[in-house]
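Dropping input.tsv in here (TSV, C-alpha atoms and all ligand atoms):
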chain	number	residue	atom	x	y	z
H	1	MET	CA	9.39	6.83	-14.92
H	2	ILE	CA	11.63	8.86	-12.67
H	3	GLY	CA	11.67	12.54	-11.86
H	4	ALA	CA	12.64	15.10	-9.27
H	5	THR	CA	10.08	17.83	-8.58
H	6	LYS	CA	12.22	20.44	-6.88
H	7	ASP	CA	11.23	23.30	-9.18
H	8	GLY	CA	7.50	22.58	-8.91
H	9	VAL	CA	4.89	24.00	-6.54
H	10	PRO	CA	5.07	22.49	-3.04
H	11	ILE	CA	2.35	19.84	-3.03
H	12	SER	CA	2.05	17.88	0.18
H	13	VAL	CA	-0.08	15.67	2.37
H	14	THR	CA	-2.35	17.72	4.63
H	15	GLY	CA	-4.58	14.96	6.00
H	16	LEU	CA	-4.33	11.25	6.67
H	17	GLY	CA	-6.79	8.54	7.62
H	18	ALA	CA	-6.67	4.76	7.90
H	19	ARG	CA	-9.08	1.97	8.74
H	20	VAL	CA	-9.00	-1.79	9.11
H	21	PRO	CA	-12.03	-4.07	9.58
H	22	ASP	CA	-12.85	-5.07	13.18
H	23	ARG	CA	-12.43	-8.81	12.70
H	24	ILE	CA	-8.98	-10.06	13.78
H	25	VAL	CA	-7.84	-13.33	12.18
H	26	THR	CA	-4.96	-15.02	14.00
H	27	ASN	CA	-2.41	-17.42	12.57
H	28	ASP	CA	-3.94	-20.17	14.70
H	29	GLU	CA	-7.31	-19.59	13.05
H	30	LEU	CA	-5.73	-20.03	9.60
H	31	ALA	CA	-3.96	-23.17	10.81
H	32	ARG	CA	-7.40	-24.71	11.26
H	33	HIS	CA	-7.94	-24.39	7.48
H	34	VAL	CA	-4.51	-25.13	5.96
H	35	ASP	CA	-1.42	-27.12	6.96
H	36	THR	CA	0.59	-24.38	8.70
H	37	THR	CA	1.53	-23.19	12.18
H	38	ASN	CA	1.68	-19.90	14.06
H	39	GLU	CA	5.44	-20.40	14.48
H	40	TRP	CA	6.07	-20.96	10.73
H	41	ILE	CA	4.11	-17.85	9.77
H	42	ILE	CA	5.84	-15.63	12.35
H	43	GLU	CA	9.31	-16.92	11.46
H	44	ARG	CA	8.92	-16.68	7.66
H	45	THR	CA	6.79	-13.53	7.44
H	46	GLY	CA	6.63	-11.68	10.77
H	47	ILE	CA	2.83	-11.69	10.56
H	48	ARG	CA	0.99	-12.39	13.83
H	49	GLU	CA	-2.54	-11.46	12.78
H	50	ARG	CA	-4.48	-9.66	10.06
H	51	ARG	CA	-7.93	-8.07	9.71
H	52	MET	CA	-10.64	-9.39	7.43
H	53	ALA	CA	-13.83	-7.70	6.26
H	54	SER	CA	-17.23	-9.09	7.21
H	55	GLU	CA	-19.53	-10.43	4.50
H	56	GLU	CA	-21.38	-7.10	4.41
H	57	GLU	CA	-18.26	-4.96	3.98
H	58	ALA	CA	-16.90	-4.01	0.54
H	59	LEU	CA	-13.88	-1.82	-0.12
H	60	SER	CA	-15.89	1.42	-0.09
H	61	ASP	CA	-17.22	0.59	3.40
H	62	VAL	CA	-13.71	-0.01	4.75
H	63	ALA	CA	-12.29	3.08	3.01
H	64	LEU	CA	-15.09	5.56	3.82
H	65	PRO	CA	-14.10	6.26	7.46
H	66	ALA	CA	-10.45	6.59	6.40
H	67	CYS	CA	-11.49	9.20	3.82
H	68	ARG	CA	-13.59	11.08	6.38
H	69	ASP	CA	-10.69	11.17	8.84
H	70	ALA	CA	-8.28	12.41	6.16
H	71	LEU	CA	-10.69	15.19	5.12
H	72	ALA	CA	-11.31	16.19	8.75
H	73	GLN	CA	-7.59	16.36	9.45
H	74	ALA	CA	-7.09	18.58	6.39
H	75	GLY	CA	-10.02	20.72	7.58
H	76	ILE	CA	-12.01	20.34	4.36
H	77	ASP	CA	-15.26	18.71	3.17
H	78	GLY	CA	-15.96	16.25	0.37
H	79	LYS	CA	-17.26	19.11	-1.78
H	80	ASP	CA	-13.79	20.73	-1.67
H	81	ILE	CA	-12.17	17.73	-3.39
H	82	ASP	CA	-11.79	17.92	-7.18
H	83	LEU	CA	-9.84	14.69	-7.70
H	84	LEU	CA	-10.46	11.31	-6.08
H	85	ILE	CA	-8.29	8.32	-7.00
H	86	VAL	CA	-8.78	4.88	-5.49
H	87	ALA	CA	-5.84	2.49	-5.88
H	88	THR	CA	-7.11	-1.08	-5.55
H	89	VAL	CA	-7.31	-4.54	-7.12
H	90	THR	CA	-10.49	-5.37	-5.19
H	91	PRO	CA	-12.99	-2.60	-5.99
H	92	ASP	CA	-16.59	-3.09	-4.85
H	93	MET	CA	-17.27	-4.19	-8.46
H	94	THR	CA	-15.72	-3.57	-11.88
H	95	PHE	CA	-18.07	-0.67	-12.48
H	96	PRO	CA	-19.16	1.75	-11.20
H	97	SER	CA	-15.69	2.47	-9.86
H	98	THR	CA	-15.13	2.59	-6.12
H	99	GLY	CA	-13.86	6.12	-6.77
H	100	ALA	CA	-17.29	7.15	-8.05
H	101	ILE	CA	-19.03	5.34	-5.18
H	102	LEU	CA	-16.84	7.06	-2.57
H	103	ALA	CA	-17.22	10.46	-4.25
H	104	ASP	CA	-20.98	10.07	-3.94
H	105	ARG	CA	-20.83	8.99	-0.29
H	106	LEU	CA	-18.48	11.86	0.57
H	107	GLY	CA	-20.47	14.51	-1.28
H	108	ALA	CA	-17.49	15.13	-3.58
H	109	VAL	CA	-19.70	16.37	-6.38
H	110	ALA	CA	-16.94	18.37	-8.08
H	111	ALA	CA	-14.44	15.52	-8.19
H	112	ALA	CA	-13.09	13.51	-11.09
H	113	ALA	CA	-13.23	10.05	-9.54
H	114	TYR	CA	-11.80	6.74	-10.72
H	115	ASP	CA	-9.94	3.56	-9.78
H	116	LEU	CA	-6.34	2.75	-10.54
H	117	SER	CA	-4.87	-0.74	-10.74
H	118	ALA	CA	-1.17	-1.26	-10.03
H	119	GLY	CA	-1.25	-4.15	-7.55
H	120	CYS	CA	0.24	-3.45	-4.14
H	121	THR	CA	2.04	-0.45	-5.69
H	122	GLY	CA	-1.27	1.26	-6.43
H	123	PHE	CA	-1.01	3.92	-3.73
H	124	MET	CA	2.40	5.05	-5.01
H	125	TYR	CA	1.09	5.33	-8.56
H	126	ALA	CA	-1.96	7.25	-7.32
H	127	LEU	CA	0.16	9.68	-5.29
H	128	ALA	CA	2.32	10.43	-8.34
H	129	GLN	CA	-0.73	10.92	-10.54
H	130	ALA	CA	-2.40	13.25	-8.05
H	131	TYR	CA	0.84	15.18	-7.63
H	132	GLY	CA	1.05	15.65	-11.41
H	133	MET	CA	-2.51	16.95	-11.72
H	134	LEU	CA	-2.13	19.30	-8.78
H	135	ALA	CA	1.26	20.61	-9.88
H	136	ALA	CA	-0.10	21.22	-13.39
H	137	GLY	CA	-2.97	23.25	-11.94
H	138	LEU	CA	-5.64	20.84	-13.19
H	139	ALA	CA	-6.87	20.10	-9.67
H	140	ARG	CA	-6.64	21.91	-6.34
H	141	ARG	CA	-7.35	19.26	-3.74
H	142	ALA	CA	-7.01	15.52	-4.21
H	143	LEU	CA	-8.09	12.60	-2.07
H	144	VAL	CA	-5.84	9.62	-2.73
H	145	VAL	CA	-7.14	6.31	-1.37
H	146	GLY	CA	-5.30	2.99	-1.23
H	147	GLY	CA	-7.14	-0.08	-0.05
H	148	ASP	CA	-8.01	-3.68	-0.65
H	149	VAL	CA	-10.29	-6.41	0.61
H	150	LEU	CA	-7.93	-9.11	-0.53
H	151	SER	CA	-9.63	-11.71	1.67
H	152	ARG	CA	-12.28	-11.92	-1.09
H	153	ILE	CA	-9.77	-13.34	-3.59
H	154	LEU	CA	-7.83	-15.65	-1.27
H	155	ASP	CA	-7.93	-19.41	-1.66
H	156	TRP	CA	-8.63	-20.90	1.78
H	157	GLU	CA	-6.92	-24.09	0.61
H	158	ASP	CA	-3.62	-22.45	-0.47
H	159	ARG	CA	-1.33	-22.03	2.53
H	160	SER	CA	1.29	-20.12	0.53
H	161	THR	CA	-1.01	-17.14	-0.11
H	162	LEU	CA	-3.72	-17.37	2.59
H	163	ILE	CA	-1.33	-16.49	5.41
H	164	LEU	CA	0.13	-13.37	3.79
H	165	PHE	CA	-2.73	-10.98	3.15
H	166	GLY	CA	-5.22	-8.87	5.09
H	167	ASP	CA	-7.79	-6.12	4.49
H	168	GLY	CA	-7.47	-2.39	5.09
H	169	ALA	CA	-7.48	1.07	3.56
H	170	GLY	CA	-5.88	4.46	3.99
H	171	ALA	CA	-6.46	7.89	2.53
H	172	ALA	CA	-4.41	11.07	2.08
H	173	VAL	CA	-5.44	14.60	1.15
H	174	LEU	CA	-2.95	16.29	-1.18
H	175	GLU	CA	-2.95	20.02	-1.79
H	176	GLU	CA	-0.64	22.96	-2.23
H	177	ALA	CA	1.40	23.58	0.90
H	178	ARG	CA	3.27	26.65	2.12
H	179	GLU	CA	6.57	24.80	2.14
H	180	HIS	CA	8.05	21.34	1.65
H	181	GLY	CA	6.25	18.59	-0.20
H	182	PHE	CA	7.02	15.84	-2.69
H	183	LEU	CA	10.61	15.82	-3.98
H	184	GLY	CA	10.29	13.07	-6.59
H	185	PHE	CA	8.86	9.79	-7.78
H	186	GLU	CA	10.15	6.61	-9.40
H	187	LEU	CA	7.61	4.17	-10.85
H	188	GLY	CA	8.04	1.04	-12.95
H	189	ALA	CA	6.37	-2.07	-14.33
H	190	ASP	CA	7.61	-5.40	-15.70
H	191	GLY	CA	4.71	-7.26	-17.28
H	192	ALA	CA	7.02	-10.14	-18.19
H	193	GLY	CA	6.97	-11.12	-14.51
H	194	GLY	CA	3.19	-10.73	-14.24
H	195	ALA	CA	2.40	-14.43	-13.98
H	196	ASN	CA	4.33	-14.64	-10.71
H	197	LEU	CA	1.42	-12.90	-8.94
H	198	TRP	CA	-1.87	-12.93	-10.78
H	199	LEU	CA	-5.60	-13.55	-10.94
H	200	PRO	CA	-6.13	-15.37	-14.25
H	201	GLY	CA	-9.72	-15.37	-15.45
H	202	SER	CA	-10.65	-12.08	-13.78
H	203	GLY	CA	-11.01	-10.09	-17.01
H	204	SER	CA	-11.51	-10.38	-20.77
H	205	ARG	CA	-8.71	-12.91	-21.35
H	206	LEU	CA	-10.23	-16.40	-21.43
H	207	PHE	CA	-8.32	-19.13	-19.65
H	208	GLU	CA	-8.86	-22.86	-19.80
H	209	GLU	CA	-8.62	-22.87	-16.05
H	210	PRO	CA	-9.98	-19.53	-14.90
H	211	ASP	CA	-9.43	-18.76	-11.27
H	212	GLN	CA	-11.19	-16.62	-8.76
H	213	TYR	CA	-8.23	-16.67	-6.38
H	214	VAL	CA	-4.76	-15.12	-6.25
H	215	LYS	CA	-1.99	-17.33	-7.60
H	216	MET	CA	1.61	-16.65	-6.64
H	217	ASN	CA	5.12	-17.93	-7.14
H	218	GLY	CA	6.34	-16.87	-3.70
H	219	ARG	CA	10.04	-17.46	-4.28
H	220	GLU	CA	10.13	-15.40	-7.48
H	221	VAL	CA	8.14	-12.56	-5.89
H	222	TYR	CA	10.48	-12.65	-2.91
H	223	LYS	CA	13.54	-12.28	-5.17
H	224	PHE	CA	11.87	-9.46	-7.10
H	225	ALA	CA	10.80	-7.68	-3.90
H	226	THR	CA	14.19	-7.75	-2.20
H	227	ARG	CA	15.89	-6.42	-5.37
H	228	ILE	CA	13.36	-3.77	-6.37
H	229	LEU	CA	12.76	-2.17	-2.95
H	230	VAL	CA	16.45	-1.33	-2.81
H	231	GLN	CA	16.89	-0.39	-6.48
H	232	SER	CA	13.85	1.89	-6.69
H	233	ALA	CA	14.73	3.75	-3.49
H	234	GLN	CA	18.40	4.17	-4.45
H	235	ASP	CA	17.51	5.45	-7.93
H	236	LEU	CA	15.09	8.01	-6.50
H	237	LEU	CA	17.47	9.21	-3.80
H	238	ASP	CA	20.19	9.65	-6.46
H	239	ARG	CA	17.84	11.54	-8.77
H	240	CYS	CA	16.79	13.87	-5.95
H	241	GLY	CA	20.36	14.37	-4.75
H	242	VAL	CA	19.49	13.10	-1.28
H	243	ALA	CA	21.77	10.86	0.81
H	244	VAL	CA	20.17	7.87	2.48
H	245	GLU	CA	21.39	9.18	5.87
H	246	GLU	CA	18.99	12.10	5.45
H	247	VAL	CA	15.92	9.83	5.40
H	248	ASP	CA	14.10	10.24	8.72
H	249	VAL	CA	11.20	7.83	8.15
H	250	TYR	CA	11.26	4.82	5.83
H	251	VAL	CA	7.86	3.39	4.86
H	252	PRO	CA	8.32	0.18	2.83
H	253	HIS	CA	5.48	-1.96	1.51
H	254	GLN	CA	4.41	-4.25	4.36
H	255	ALA	CA	4.66	-7.66	2.67
H	256	ASN	CA	7.00	-9.69	4.85
H	257	ILE	CA	9.33	-8.65	7.67
H	258	ARG	CA	12.22	-10.51	6.00
H	259	ILE	CA	11.80	-8.44	2.83
H	260	ILE	CA	11.60	-5.22	4.89
H	261	ASP	CA	14.69	-6.15	6.95
H	262	HIS	CA	16.66	-7.01	3.83
H	263	ALA	CA	15.84	-3.70	2.12
H	264	THR	CA	16.49	-1.69	5.28
H	265	LYS	CA	19.91	-3.27	5.75
H	266	LYS	CA	20.93	-2.98	2.09
H	267	LEU	CA	19.89	0.67	1.97
H	268	GLY	CA	21.70	1.35	5.24
H	269	ILE	CA	18.72	2.82	7.07
H	270	PRO	CA	18.81	2.46	10.89
H	271	SER	CA	16.01	0.15	12.06
H	272	GLU	CA	14.48	2.81	14.35
H	273	ARG	CA	13.63	4.87	11.24
H	274	VAL	CA	11.56	2.08	9.66
H	275	VAL	CA	7.77	1.87	9.99
H	276	VAL	CA	6.56	-1.71	10.50
H	277	ASN	CA	2.99	-2.93	11.04
H	278	VAL	CA	3.03	-6.14	8.99
H	279	ASP	CA	2.85	-8.04	12.29
H	280	ARG	CA	-0.64	-6.64	12.97
H	281	TYR	CA	-2.15	-6.29	9.50
H	282	GLY	CA	-0.26	-8.62	7.13
H	283	ASN	CA	0.00	-7.43	3.54
H	284	THR	CA	-2.98	-5.14	2.88
H	285	SER	CA	-1.94	-4.54	-0.75
H	286	SER	CA	-2.84	-0.97	-1.80
H	287	GLY	CA	-3.70	-0.20	1.84
H	288	SER	CA	-0.24	-1.07	3.11
H	289	ILE	CA	1.65	2.21	2.69
H	290	PRO	CA	-1.14	4.62	3.72
H	291	LEU	CA	-1.88	2.45	6.78
H	292	ALA	CA	1.81	2.56	7.72
H	293	LEU	CA	1.97	6.32	7.13
H	294	ALA	CA	-1.06	6.86	9.35
H	295	ASP	CA	0.52	4.67	12.05
H	296	ALA	CA	3.72	6.72	11.86
H	297	ALA	CA	1.70	9.94	12.16
H	298	LYS	CA	-0.16	8.60	15.19
H	299	GLU	CA	3.13	7.70	16.83
H	300	GLY	CA	4.34	11.29	16.32
H	301	ARG	CA	7.08	10.29	13.87
H	302	LEU	CA	6.08	12.67	11.05
H	303	GLY	CA	7.01	16.11	12.32
H	304	PRO	CA	7.43	19.15	10.04
H	305	GLY	CA	10.50	18.90	7.83
H	306	LYS	CA	10.97	15.13	8.29
H	307	LEU	CA	12.12	13.36	5.15
H	308	VAL	CA	9.88	10.38	4.33
H	309	LEU	CA	10.85	7.66	1.85
H	310	MET	CA	8.07	5.30	0.69
H	311	THR	CA	8.54	2.30	-1.60
H	312	GLY	CA	5.92	-0.16	-2.78
H	313	MET	CA	6.01	-3.23	-5.03
H	314	GLY	CA	3.53	-5.81	-6.15
H	315	ALA	CA	1.46	-7.41	-8.91
H	316	GLY	CA	2.22	-6.33	-12.43
H	317	LEU	CA	4.95	-6.69	-11.52
H	318	THR	CA	5.09	-3.06	-10.45
H	319	TRP	CA	7.06	-0.87	-8.09
H	320	GLY	CA	7.19	2.75	-7.01
H	321	SER	CA	8.93	5.14	-4.63
H	322	ALA	CA	8.18	8.66	-3.44
H	323	LEU	CA	10.28	11.08	-1.43
H	324	LEU	CA	8.37	13.61	0.65
H	325	ARG	CA	9.49	16.41	2.94
H	326	TRP	CA	6.66	16.35	5.49
H	327	THR	CA	4.86	19.66	5.92
H	328	GLY	CA	3.19	19.13	9.25
H	329	GLU	CA	0.54	21.61	8.15
H	330	ASN	CA	-2.84	20.59	9.54
H	331	ILE	CA	-1.54	17.16	10.51
H	332	ALA	CA	-2.48	16.39	14.08
F	401	LIG	C1	5.62	-17.02	0.57
F	401	LIG	C2	6.88	-16.96	1.43
F	401	LIG	C3	6.54	-16.44	2.82
F	401	LIG	C4	7.42	-18.38	1.58
F	401	LIG	O1	8.54	-18.36	2.45
F	401	LIG	P1	9.89	-19.09	2.04
F	401	LIG	O2	10.79	-19.04	3.20
F	401	LIG	O3	10.35	-18.47	0.76
F	401	LIG	O4	9.39	-20.53	1.81
F	401	LIG	P2	9.57	-21.40	0.52
F	401	LIG	O5	8.74	-20.85	-0.60
F	401	LIG	O6	11.05	-21.58	0.28
F	401	LIG	O7	8.94	-22.73	1.00
F	401	LIG	C5	9.53	-23.53	2.01
F	401	LIG	C6	8.58	-24.64	2.36
F	401	LIG	O8	7.53	-24.11	3.17
F	401	LIG	C7	6.28	-24.55	2.65
F	401	LIG	N1	5.23	-23.58	2.95
F	401	LIG	C8	4.75	-22.58	2.18
F	401	LIG	N2	3.81	-21.92	2.84
F	401	LIG	C9	3.69	-22.48	4.05
F	401	LIG	C10	2.89	-22.24	5.17
F	401	LIG	N3	1.98	-21.26	5.20
F	401	LIG	N4	3.06	-23.01	6.26
F	401	LIG	C11	3.95	-24.02	6.28
F	401	LIG	N5	4.74	-24.30	5.23
F	401	LIG	C12	4.61	-23.55	4.13
F	401	LIG	C13	6.51	-24.72	1.17
F	401	LIG	O9	5.55	-25.60	0.62
F	401	LIG	C14	7.90	-25.27	1.14
F	401	LIG	O10	7.85	-26.65	1.36
F	401	LIG	P3	8.75	-27.65	0.49
F	401	LIG	O11	10.18	-27.26	0.81
F	401	LIG	O12	8.34	-28.99	1.01
F	401	LIG	O13	8.37	-27.38	-0.94
F	401	LIG	C15	7.97	-16.07	0.78
F	401	LIG	O14	8.43	-16.69	-0.41
F	401	LIG	C16	7.49	-14.70	0.44
F	401	LIG	O15	7.22	-13.91	1.32
F	401	LIG	N6	7.43	-14.35	-0.85
F	401	LIG	C17	6.96	-13.05	-1.28
F	401	LIG	C18	5.44	-13.03	-1.28
F	401	LIG	C19	4.89	-11.64	-1.33
F	401	LIG	O16	5.35	-10.75	-0.66
F	401	LIG	N7	3.83	-11.46	-2.12
F	401	LIG	C20	3.11	-10.25	-2.24
F	401	LIG	C21	3.91	-9.20	-2.93
F	401	LIG	S1	3.02	-7.72	-3.00

Render the structure in this file as structure tokens.
Amino acid sequence: MIGATKDGVPISVTGLGARVPDRIVTNDELARHVDTTNEWIIERTGIRERRMASEEEALSDVALPACRDALAQAGIDGKDIDLLIVATVTPDMTFPSTGAILADRLGAVAAAAYDLSAGCTGFMYALAQAYGMLAAGLARRALVVGGDVLSRILDWEDRSTLILFGDGAGAAVLEEAREHGFLGFELGADGAGGANLWLPGSGSRLFEEPDQYVKMNGREVYKFATRILVQSAQDLLDRCGVAVEEVDVYVPHQANIRIIDHATKKLGIPSERVVVNVDRYGNTSSGSIPLALADAAKEGRLGPGKLVLMTGMGAGLTWGSALLRWTGENIA
């Protein structure tokens, strides 16, 4: 799916929030469980540490403060939200949805609330969906949440996956803005590559060897990631008639610094325009892009009129890009 939105109503982000669990897990701590080293992890991934939820914390607990911050920044209450989408592959439980749980905890009694599953690309899919409902006039104010507690589905004996992921969540309020807003989206899926990053035995398909942990073919995912981050962004920029030089802030999925560097170079985006926090949080799956956006906002990099390019990719295999002219309205 690809489309430019230039004739639509200006829908934009008016509030942002992000949260990671308190517990910091260093590379050295992981090296006590699997055969790896701090040096190997930093050199091959750029990750120095990640956060992991405590035993008491589920996704809704991690995401709730992020949602509250996003609502406060937009200057609205839970009751003002009429759409709440949670992008995740690690909901509190299969049902009720984490969307419904969060709506209840936020007092969002008027909201349609549900979960959306698109792997690490979930937040991009959710943004596009919220945009569509707002632009069509079906909803007025949406809360889009992206987050995962991936530590729950990591195999502490598999060094190739254990070192990559962390927990975290971010949230964005979307509503009609006076000017600027989303310019377009590109989303895709290739189920044929699904078995390169999967959780067999987690649903209704029966497997001889069901698994409760993530399984990954790292080399194949790496090849996919380096190709798709570039392709998706280029296709969207072309469709929107925007030159890459115009991009002020580039927010790629935070999977691996080598993948980010490759995409940045291929696209021709100067490194000072790229948002990177994979060193501190690892790959937080659906939380990755909203956490990076919130970081960029905190650093004062998202002023009014700035052009923001976001691209995610992940399990599915899925990918997605969005181009957004930042409003600055209500954003601290
Ligand atoms: C996983 C990844 C970091 C591995 O890095 P790499 O440079 O490609 O490493 P390779 O897969 O070529 O493996 C090189 C060697 O390191 C080993 N290795 C893998 N993980 C290791 C670890 N944590 N510590 C030490 N050695 C490790 C491998 O077993 C392999 O050994 P071998 O040559 O004896 O078989 C990289 O492939 C990657 O980032 N892939 C994408 C993963 C991703 O982003 N997934 C989520 C998408 S949303």

For atom CA of Val149 of chain H and atom CA of Ile76 of chain H, determine how far apart the two atoms are, in Å to one decimal place.
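Rounded to one decimal, the two atoms are 27.1 Å apart.
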
Starting from the point (9.5, -9.8, -15.8), work out which residues of protein, DNA or RNA have an atom no more than 12 Å away when counting only C-alpha atoms; state them as an MDAnalysis selection string.
chainID H and resid 188:197 220:221 223:224 228 315:318

Considering only C-alpha atoms, tabulate each residue of segment 53-110 of chain H that lies at most 8 Å from segment 130-140 of chain H along with its nearest interatomic pair and the corresponding distance in Å to one decimal; arrange the rows by chain and ascending residue number and present them as a Markdown table.
| residue | atom | partner | partner_atom | distance |
| --- | --- | --- | --- | --- |
| H:Ile81 | CA | H:Arg140 | CA | 7.5 |
| H:Asp82 | CA | H:Ala139 | CA | 5.9 |
| H:Leu83 | CA | H:Ala139 | CA | 6.5 |
| H:Ile85 | CA | H:Ala130 | CA | 7.8 |

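The space separating atom CA of His33 of chain H from atom CA of Arg51 of chain H comes to 16.5 Å.
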
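When only C-alpha atoms are used to compute distances to Met310 of chain H, the closest of the residues H:Leu291, H:Met124, H:Ile269, H:Ile260 turns out to be H:Met124.
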
Considering only C-alpha atoms and all ligand atoms, give me a table of residues in chain H that are at most 7 Å from ligand LIG 401 (chain F), with the closest atom pair and distance in Å for each, as a Markdown table.
| residue | atom | partner | partner_atom | distance |
| --- | --- | --- | --- | --- |
| H:Asp35 | CA | F:LIG401 | N4 | 6.1 |
| H:Thr36 | CA | F:LIG401 | N4 | 3.7 |
| H:Thr37 | CA | F:LIG401 | N4 | 6.1 |
| H:Trp40 | CA | F:LIG401 | N4 | 5.8 |
| H:Ile41 | CA | F:LIG401 | N3 | 6.1 |
| H:Arg44 | CA | F:LIG401 | O2 | 5.4 |
| H:Thr45 | CA | F:LIG401 | C3 | 5.5 |
| H:Cys120 | CA | F:LIG401 | S1 | 5.2 |
| H:Arg159 | CA | F:LIG401 | N3 | 4.3 |
| H:Ser160 | CA | F:LIG401 | N2 | 3.9 |
| H:Thr161 | CA | F:LIG401 | C1 | 6.7 |
| H:Ile163 | CA | F:LIG401 | N3 | 5.8 |
| H:Gly218 | CA | F:LIG401 | O14 | 3.9 |
| H:Arg219 | CA | F:LIG401 | O14 | 4.3 |
| H:Val221 | CA | F:LIG401 | C17 | 4.8 |
| H:Tyr222 | CA | F:LIG401 | C17 | 3.9 |
| H:Ala255 | CA | F:LIG401 | O16 | 4.6 |
| H:Asn256 | CA | F:LIG401 | O15 | 5.5 |
| H:Ser285 | CA | F:LIG401 | S1 | 6.3 |
| H:Met313 | CA | F:LIG401 | S1 | 5.8 |
| H:Gly314 | CA | F:LIG401 | S1 | 3.7 |
| H:Ala315 | CA | F:LIG401 | S1 | 6.1 |

Do you know which residues are at most 9 Å from Tyr213 of chain H counting only C-alpha atoms, after dropping those on the same chain fewer than 6 positions away, and could you put them as a list in words?
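These residues fall inside the cut-off: Arg152, Ile153, Leu154, Asp155, Trp198, Leu199 and Pro200 of chain H.
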
Residues near segment 61-72 of chain H, anyone? I mean within 6 Å using only C-alpha atoms, not counting same-chain ones fewer than 4 positions away, as a PyMOL selection string.
chain H and resi 15-19+57+76+169-172

Writer output for current selection, C-alpha atoms, as a short mmCIF file (atom, residue, chain, number, x, y, z; two decimals), in the coordinates of the input:
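again19.cif, written as the output of this step:
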data_model
loop_
_atom_site.label_atom_id
_atom_site.label_comp_id
_atom_site.auth_asym_id
_atom_site.auth_seq_id
_atom_site.Cartn_x
_atom_site.Cartn_y
_atom_site.Cartn_z
CA GLY H 15 -4.58 14.96 6.00
CA LEU H 16 -4.33 11.25 6.67
CA GLY H 17 -6.79 8.54 7.62
CA ALA H 18 -6.67 4.76 7.90
CA ARG H 19 -9.08 1.97 8.74
CA GLU H 57 -18.26 -4.96 3.98
CA ILE H 76 -12.01 20.34 4.36
CA ALA H 169 -7.48 1.07 3.56
CA GLY H 170 -5.88 4.46 3.99
CA ALA H 171 -6.46 7.89 2.53
CA ALA H 172 -4.41 11.07 2.08
#

Find the residues with any atom within 8 Å of (-13.6, 17.9, 0.7); use only C-alpha atoms and the coordinates as given in the file, and write the answer as a list of chain:residue names.
H:Leu71, H:Ile76, H:Asp77, H:Gly78, H:Lys79, H:Asp80, H:Ile81, H:Leu106, H:Gly107, H:Ala108, H:Arg141

Output file for the residues above (C-alpha atoms, as an mmCIF file, in the frame of the given file):
data_model
loop_
_atom_site.group_PDB
_atom_site.id
_atom_site.type_symbol
_atom_site.label_atom_id
_atom_site.label_comp_id
_atom_site.auth_asym_id
_atom_site.auth_seq_id
_atom_site.Cartn_x
_atom_site.Cartn_y
_atom_site.Cartn_z
ATOM 1 C CA LEU H 71 -10.690 15.190 5.120
ATOM 2 C CA ILE H 76 -12.010 20.340 4.360
ATOM 3 C CA ASP H 77 -15.260 18.710 3.170
ATOM 4 C CA GLY H 78 -15.960 16.250 0.370
ATOM 5 C CA LYS H 79 -17.260 19.110 -1.780
ATOM 6 C CA ASP H 80 -13.790 20.730 -1.670
ATOM 7 C CA ILE H 81 -12.170 17.730 -3.390
ATOM 8 C CA LEU H 106 -18.480 11.860 0.570
ATOM 9 C CA GLY H 107 -20.470 14.510 -1.280
ATOM 10 C CA ALA H 108 -17.490 15.130 -3.580
ATOM 11 C CA ARG H 141 -7.350 19.260 -3.740
#

Counting only C-alpha atoms, which residue out of H:Thr327, H:Ser97, H:Asn38, H:Thr226 sits closest to Val13 of chain H?
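Answer, going by the shortest atom-to-atom distance: H:Thr327.
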
Looking at all atoms listed in the file, which of H:Ile11, H:Val144, H:Leu237, H:Leu174 is the one that sits closest to Asp115 of chain H?
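Under the stated criterion, the closest residue is H:Val144.
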
Go ahead and compute the interatomic distance for atom CA of Ser117 of chain H and atom CA of Val86 of chain H, in Å to one decimal.
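Atom-to-atom, atom CA of Ser117 of chain H to atom CA of Val86 of chain H, that is 8.6 Å.
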
Looking at only C-alpha atoms, which of H:Gly300, H:Gly184, H:Gly166, H:Gly287 is the one that sits closest to Met1 of chain H?
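When distances to Met1 of chain H are compared using only C-alpha atoms, the smallest one comes from H:Gly184.
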
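When all atoms listed in the file are used to compute distances to Asp167 of chain H, the closest of the residues H:Arg105, H:Arg273, H:Arg23, H:Lys265 turns out to be H:Arg23.
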
As JSON: centre and edge lengths in Å, one decimal, of the axis-aligned box holding segment 137-155 of chain H with 6 Å per side:
{"center_x": -7.6, "center_y": 1.9, "center_z": -5.8, "size_x": 21.3, "size_y": 54.7, "size_z": 26.9}

Using all atoms listed in the file, the best pick from H:Leu229, H:Val20, H:Leu102, H:Ala58 as closest to Gly168 of chain H would be H:Val20
